[in-house]
>>> print(open('final-v6.pdb').read())   # PDB, C-alpha atoms
ATOM      1  CA  MET A   1     -28.272  94.012 -12.502  1.00  0.00           C
ATOM      2  CA  SER A   2     -27.465  95.424 -15.930  1.00  0.00           C
ATOM      3  CA  ARG A   3     -23.983  95.379 -17.359  1.00  0.00           C
ATOM      4  CA  ALA A   4     -23.634  99.169 -17.289  1.00  0.00           C
ATOM      5  CA  VAL A   5     -24.565  99.327 -13.596  1.00  0.00           C
ATOM      6  CA  ARG A   6     -22.000  96.617 -12.805  1.00  0.00           C
ATOM      7  CA  TRP A   7     -19.277  98.669 -14.557  1.00  0.00           C
ATOM      8  CA  VAL A   8     -20.277 101.762 -12.594  1.00  0.00           C
ATOM      9  CA  VAL A   9     -20.056  99.788  -9.332  1.00  0.00           C
ATOM     10  CA  ALA A  10     -16.624  98.413 -10.313  1.00  0.00           C
ATOM     11  CA  GLY A  11     -15.344 101.909 -11.240  1.00  0.00           C
ATOM     12  CA  VAL A  12     -16.663 103.517  -8.045  1.00  0.00           C
ATOM     13  CA  ALA A  13     -15.126 100.711  -5.957  1.00  0.00           C
ATOM     14  CA  ALA A  14     -11.747 101.264  -7.669  1.00  0.00           C
ATOM     15  CA  LEU A  15     -11.913 105.055  -7.050  1.00  0.00           C
ATOM     16  CA  VAL A  16     -12.902 104.588  -3.401  1.00  0.00           C
ATOM     17  CA  THR A  17     -10.045 102.107  -2.947  1.00  0.00           C
ATOM     18  CA  PHE A  18      -7.630 104.603  -4.528  1.00  0.00           C
ATOM     19  CA  GLY A  19      -8.817 107.417  -2.226  1.00  0.00           C
ATOM     20  CA  VAL A  20      -8.726 105.280   0.930  1.00  0.00           C
ATOM     21  CA  GLY A  21      -5.268 103.978   0.035  1.00  0.00           C
ATOM     22  CA  VAL A  22      -3.854 107.477  -0.491  1.00  0.00           C
ATOM     23  CA  THR A  23      -5.434 108.742   2.725  1.00  0.00           C
ATOM     24  CA  VAL A  24      -4.165 105.822   4.825  1.00  0.00           C
ATOM     25  CA  VAL A  25      -0.597 106.011   3.494  1.00  0.00           C
ATOM     26  CA  ARG A  26      -0.433 109.786   4.090  1.00  0.00           C
ATOM     27  CA  ALA A  27      -2.015 109.635   7.585  1.00  0.00           C
ATOM     28  CA  VAL A  28      -0.309 106.635   9.215  1.00  0.00           C
ATOM     29  CA  PRO A  29       3.157 107.424  10.639  1.00  0.00           C
ATOM     30  CA  TRP A  30       4.951 104.233   9.718  1.00  0.00           C
ATOM     31  CA  GLY A  31       8.670 104.352  10.098  1.00  0.00           C
ATOM     32  CA  TRP A  32       9.497 102.705   6.813  1.00  0.00           C
ATOM     33  CA  LEU A  33       7.563 105.335   4.764  1.00  0.00           C
ATOM     34  CA  PRO A  34       9.364 108.471   3.559  1.00  0.00           C
ATOM     35  CA  GLN A  35       9.059 111.461   5.908  1.00  0.00           C
ATOM     36  CA  GLU A  36       9.138 114.270   3.319  1.00  0.00           C
ATOM     37  CA  ASP A  37       5.722 115.475   2.113  1.00  0.00           C
ATOM     38  CA  GLY A  38       6.521 115.177  -1.623  1.00  0.00           C
ATOM     39  CA  ALA A  39       7.976 111.677  -1.360  1.00  0.00           C
ATOM     40  CA  ARG A  40       5.234 110.567   1.000  1.00  0.00           C
ATOM     41  CA  LEU A  41       2.546 111.850  -1.430  1.00  0.00           C
ATOM     42  CA  ASP A  42       4.233 110.020  -4.321  1.00  0.00           C
ATOM     43  CA  THR A  43       4.277 106.798  -2.304  1.00  0.00           C
ATOM     44  CA  ALA A  44       0.642 107.261  -1.284  1.00  0.00           C
ATOM     45  CA  LEU A  45      -0.449 107.896  -4.896  1.00  0.00           C
ATOM     46  CA  ALA A  46       1.471 104.845  -6.110  1.00  0.00           C
ATOM     47  CA  PHE A  47      -0.053 102.666  -3.400  1.00  0.00           C
ATOM     48  CA  GLY A  48      -3.564 104.007  -4.142  1.00  0.00           C
ATOM     49  CA  ALA A  49      -3.105 103.431  -7.894  1.00  0.00           C
ATOM     50  CA  ILE A  50      -1.931  99.849  -7.382  1.00  0.00           C
ATOM     51  CA  ALA A  51      -4.742  99.069  -4.914  1.00  0.00           C
ATOM     52  CA  GLY A  52      -7.408 100.686  -7.115  1.00  0.00           C
ATOM     53  CA  THR A  53      -6.121  98.823 -10.180  1.00  0.00           C
ATOM     54  CA  ALA A  54      -6.206  95.521  -8.276  1.00  0.00           C
ATOM     55  CA  VAL A  55      -9.808  96.132  -7.201  1.00  0.00           C
ATOM     56  CA  LEU A  56     -10.825  97.134 -10.740  1.00  0.00           C
ATOM     57  CA  ALA A  57      -9.135  94.048 -12.188  1.00  0.00           C
ATOM     58  CA  ALA A  58     -10.845  91.807  -9.658  1.00  0.00           C
ATOM     59  CA  LEU A  59     -14.282  93.287 -10.360  1.00  0.00           C
ATOM     60  CA  SER A  60     -13.919  93.552 -14.140  1.00  0.00           C
ATOM     61  CA  TRP A  61     -14.733  89.863 -14.704  1.00  0.00           C
ATOM     62  CA  TRP A  62     -17.977  90.425 -12.799  1.00  0.00           C
ATOM     63  CA  ALA A  63     -18.800  93.671 -14.613  1.00  0.00           C
ATOM     64  CA  ALA A  64     -18.042  92.292 -18.095  1.00  0.00           C
ATOM     65  CA  ARG A  65     -19.896  89.009 -17.883  1.00  0.00           C
ATOM     66  CA  GLU A  66     -23.220  88.600 -19.575  1.00  0.00           C
ATOM     67  CA  ALA A  67     -26.078  87.007 -17.754  1.00  0.00           C
ATOM     68  CA  PRO A  68     -26.788  83.763 -19.590  1.00  0.00           C
ATOM     69  CA  GLN A  69     -29.933  84.064 -21.610  1.00  0.00           C
ATOM     70  CA  PRO A  70     -31.970  80.896 -21.782  1.00  0.00           C
ATOM     71  CA  ALA A  71     -32.026  79.666 -25.333  1.00  0.00           C
ATOM     72  CA  PRO A  72     -35.508  79.450 -26.746  1.00  0.00           C
ATOM     73  CA  ALA A  73     -36.548  75.857 -27.062  1.00  0.00           C
ATOM     74  CA  PRO A  74     -36.996  75.002 -30.714  1.00  0.00           C
ATOM     75  CA  ASP A  75     -40.312  73.574 -31.703  1.00  0.00           C
ATOM     76  CA  PRO A  76     -39.888  69.849 -32.040  1.00  0.00           C
ATOM     77  CA  ALA A  77     -40.066  68.778 -35.633  1.00  0.00           C
ATOM     78  CA  PRO A  78     -43.006  66.527 -36.305  1.00  0.00           C
ATOM     79  CA  ALA A  79     -42.009  62.948 -36.842  1.00  0.00           C
ATOM     80  CA  PRO A  80     -42.178  61.962 -40.464  1.00  0.00           C
ATOM     81  CA  PRO A  81     -45.107  59.730 -41.226  1.00  0.00           C
ATOM     82  CA  SER A  82     -44.296  56.069 -41.065  1.00  0.00           C
ATOM     83  CA  ARG A  83     -44.390  54.551 -44.523  1.00  0.00           C
ATOM     84  CA  THR A  84     -44.992  50.848 -44.668  1.00  0.00           C
ATOM     85  CA  LEU A  85     -45.437  48.551 -47.655  1.00  0.00           C
ATOM     86  CA  VAL A  86     -46.564  44.951 -47.195  1.00  0.00           C
ATOM     87  CA  GLN A  87     -47.205  42.718 -50.203  1.00  0.00           C
ATOM     88  CA  THR A  88     -48.349  39.111 -49.946  1.00  0.00           C
ATOM     89  CA  ALA A  89     -49.161  36.881 -52.915  1.00  0.00           C
ATOM     90  CA  THR A  90     -50.061  33.239 -53.435  1.00  0.00           C
ATOM     91  CA  ALA A  91     -50.426  31.780 -56.917  1.00  0.00           C
ATOM     92  CA  SER A  92     -50.848  28.240 -58.166  1.00  0.00           C
ATOM     93  CA  ASP A  93     -51.254  26.409 -61.495  1.00  0.00           C
ATOM     94  CA  ASP A  94     -51.144  28.937 -64.369  1.00  0.00           C
ATOM     95  CA  ALA A  95     -52.107  31.933 -62.213  1.00  0.00           C
ATOM     96  CA  GLU A  96     -50.279  35.229 -62.403  1.00  0.00           C
ATOM     97  CA  ILE A  97     -50.093  37.981 -59.782  1.00  0.00           C
ATOM     98  CA  ARG A  98     -48.503  41.380 -60.323  1.00  0.00           C
ATOM     99  CA  GLN A  99     -48.211  43.748 -57.373  1.00  0.00           C
ATOM    100  CA  SER A 100     -46.737  47.218 -57.387  1.00  0.00           C
ATOM    101  CA  GLY A 101     -46.490  49.515 -54.376  1.00  0.00           C
ATOM    102  CA  GLY A 102     -45.770  53.126 -55.207  1.00  0.00           C
ATOM    103  CA  GLY A 103     -44.305  55.482 -52.666  1.00  0.00           C
ATOM    104  CA  GLY A 104     -46.943  57.972 -51.583  1.00  0.00           C
ATOM    105  CA  ALA A 105     -49.047  55.899 -49.219  1.00  0.00           C
ATOM    106  CA  ARG A 106     -48.260  55.977 -45.537  1.00  0.00           C
ATOM    107  CA  HIS A 107     -49.396  52.427 -45.145  1.00  0.00           C
ATOM    108  CA  LEU A 108     -49.915  50.012 -48.001  1.00  0.00           C
ATOM    109  CA  GLU A 109     -50.787  46.367 -47.682  1.00  0.00           C
ATOM    110  CA  GLN A 110     -51.436  44.155 -50.693  1.00  0.00           C
ATOM    111  CA  HIS A 111     -52.593  40.546 -50.433  1.00  0.00           C
ATOM    112  CA  ALA A 112     -53.476  38.407 -53.423  1.00  0.00           C
ATOM    113  CA  GLU A 113     -54.359  34.797 -54.163  1.00  0.00           C
ATOM    114  CA  ALA A 114     -54.805  33.298 -57.599  1.00  0.00           C
ATOM    115  CA  LYS A 115     -55.459  29.745 -58.814  1.00  0.00           C
ATOM    116  CA  ASP A 116     -55.702  27.920 -62.094  1.00  0.00           C
ATOM    117  CA  SER A 117     -55.277  30.460 -64.890  1.00  0.00           C
ATOM    118  CA  GLY A 118     -56.336  33.451 -62.764  1.00  0.00           C
ATOM    119  CA  HIS A 119     -54.666  36.806 -63.165  1.00  0.00           C
ATOM    120  CA  VAL A 120     -54.379  39.477 -60.410  1.00  0.00           C
ATOM    121  CA  SER A 121     -52.804  42.894 -60.897  1.00  0.00           C
ATOM    122  CA  GLN A 122     -52.506  45.369 -58.007  1.00  0.00           C
ATOM    123  CA  SER A 123     -50.923  48.787 -57.888  1.00  0.00           C
ATOM    124  CA  GLY A 124     -50.553  51.235 -55.044  1.00  0.00           C
ATOM    125  CA  ARG A 125     -48.639  53.910 -56.907  1.00  0.00           C
ATOM    126  CA  GLY A 126     -48.025  57.325 -55.356  1.00  0.00           C
ATOM    127  CA  ALA A 127     -45.364  60.044 -55.385  1.00  0.00           C
ATOM    128  CA  GLY A 128     -41.956  59.295 -53.876  1.00  0.00           C
ATOM    129  CA  ALA A 129     -41.124  55.706 -52.977  1.00  0.00           C
ATOM    130  CA  GLU A 130     -39.706  56.163 -49.517  1.00  0.00           C
ATOM    131  CA  TYR A 131     -40.757  53.514 -47.015  1.00  0.00           C
ATOM    132  CA  ASP A 132     -39.507  52.834 -43.538  1.00  0.00           C
ATOM    133  CA  ARG A 133     -40.297  49.159 -43.946  1.00  0.00           C
ATOM    134  CA  VAL A 134     -40.999  46.984 -47.006  1.00  0.00           C
ATOM    135  CA  GLU A 135     -42.360  43.463 -46.699  1.00  0.00           C
ATOM    136  CA  GLN A 136     -42.980  41.294 -49.744  1.00  0.00           C
ATOM    137  CA  ARG A 137     -44.167  37.705 -49.539  1.00  0.00           C
ATOM    138  CA  GLY A 138     -44.868  35.527 -52.526  1.00  0.00           C
ATOM    139  CA  THR A 139     -45.702  31.892 -53.051  1.00  0.00           C
ATOM    140  CA  ALA A 140     -45.970  30.296 -56.471  1.00  0.00           C
ATOM    141  CA  ALA A 141     -46.737  26.693 -57.382  1.00  0.00           C
ATOM    142  CA  ASP A 142     -46.748  24.786 -60.676  1.00  0.00           C
ATOM    143  CA  ARG A 143     -46.542  27.271 -63.564  1.00  0.00           C
ATOM    144  CA  ALA A 144     -47.839  30.204 -61.518  1.00  0.00           C
ATOM    145  CA  ARG A 145     -46.084  33.520 -61.563  1.00  0.00           C
ATOM    146  CA  VAL A 146     -45.747  36.278 -58.898  1.00  0.00           C
ATOM    147  CA  VAL A 147     -44.218  39.639 -59.776  1.00  0.00           C
ATOM    148  CA  GLN A 148     -43.805  42.213 -56.990  1.00  0.00           C
ATOM    149  CA  SER A 149     -42.321  45.675 -57.104  1.00  0.00           C
ATOM    150  CA  GLY A 150     -41.998  47.912 -54.102  1.00  0.00           C
ATOM    151  CA  ASP A 151     -41.090  51.280 -55.605  1.00  0.00           C
ATOM    152  CA  ASP A 152     -43.190  51.900 -58.713  1.00  0.00           C
ATOM    153  CA  ASP A 153     -45.712  50.201 -60.928  1.00  0.00           C
ATOM    154  CA  GLN A 154     -43.041  48.718 -63.171  1.00  0.00           C
ATOM    155  CA  PRO A 155     -41.815  45.291 -62.116  1.00  0.00           C
ATOM    156  CA  ALA A 156     -38.126  44.601 -62.248  1.00  0.00           C
ATOM    157  CA  PRO A 157     -36.767  43.926 -65.754  1.00  0.00           C
ATOM    158  CA  GLY A 158     -36.985  40.274 -66.718  1.00  0.00           C
ATOM    159  CA  ALA A 159     -39.716  39.552 -64.175  1.00  0.00           C
TER     160      ALA A 159
END
>>> encode(input="final-v6.pdb", output="structure tokens")
Amino acid sequence: MSRAVRWVVAGVAALVTFGVGVTVVRAVPWGWLPQEDGARLDTALAFGAIAGTAVLAALSWWAAREAPQPAPAPDPAPAPPSRTLVQTATASDDAEIRQSGGGGARHLEQHAEAKDSGHVSQSGRGAGAEYDRVEQRGTAADRARVVQSGDDDQPAPGA
């Protein structure tokens, strides 16, 4: 039922209550009511006004309320892509390994092995170095060197 129709029903109910109240007070010969016509009419009108106001007050909460509208379900936001960086390196003797993992890849794994005087350089550079998980493993023996960087292609200073 629309809000306007509910207000009409509440108003009509209050008017009917007023009319019935006035009619009952004027028609019933109760001993405690005034006997003169003018005083009896005043009492009947007062009783009808109070009864009609009470009915209108009781129904006004019903007439004024809004029917709850279901909120539209928002489209679920797509989960951001998982960004993973895994770097593994093993170097021995005079070998050197440099690994760099830039940020754009959703999944980046780098594995390298070098021996003797071997040299390995790997880069996985992309835009924005934001990973959910970064794993870097390095093993160096003798005079070998492993340099790993997880956010751009520049190893840390002094590496």
>>> closest_residue(input="final-v6.pdb", among="A:Ile97, A:Val25, A:Ala141, A:Leu59", to="Leu45 (chain A)", atoms="only C-alpha atoms")
A:Val25
>>> resolve_selection(input="final-v6.pdb", expression="the PyMOL selection byres ((chain A and resi 23) around 12)", output="ChimeraX atom specification")
/A:16-22,24-29,40-41,43-48
>>> residues_around(input="final-v6.pdb", residues="region 54-56 of chain A", least_positions_apart="4", cutoff="7 Å", atoms="only C-alpha atoms", output="PyMOL selection string")
chain A and resi 10-11+14+50+60
>>> closest_residue(input="final-v6.pdb", among="A:Val5, A:Ala140, A:Ala58, A:Ala77", to="Ala89 (chain A)", atoms="all atoms listed in the file")
A:Ala140
>>> atom_distance(input="final-v6.pdb", atom1="CA of Gln99 (chain A)", atom2="CA of Ser117 (chain A)")
16.8 Å
>>> closest_residue(input="final-v6.pdb", among="A:Glu66, A:Asp42, A:Glu96, A:Asp75", to="Ala112 (chain A)", atoms="all atoms listed in the file")
A:Glu96
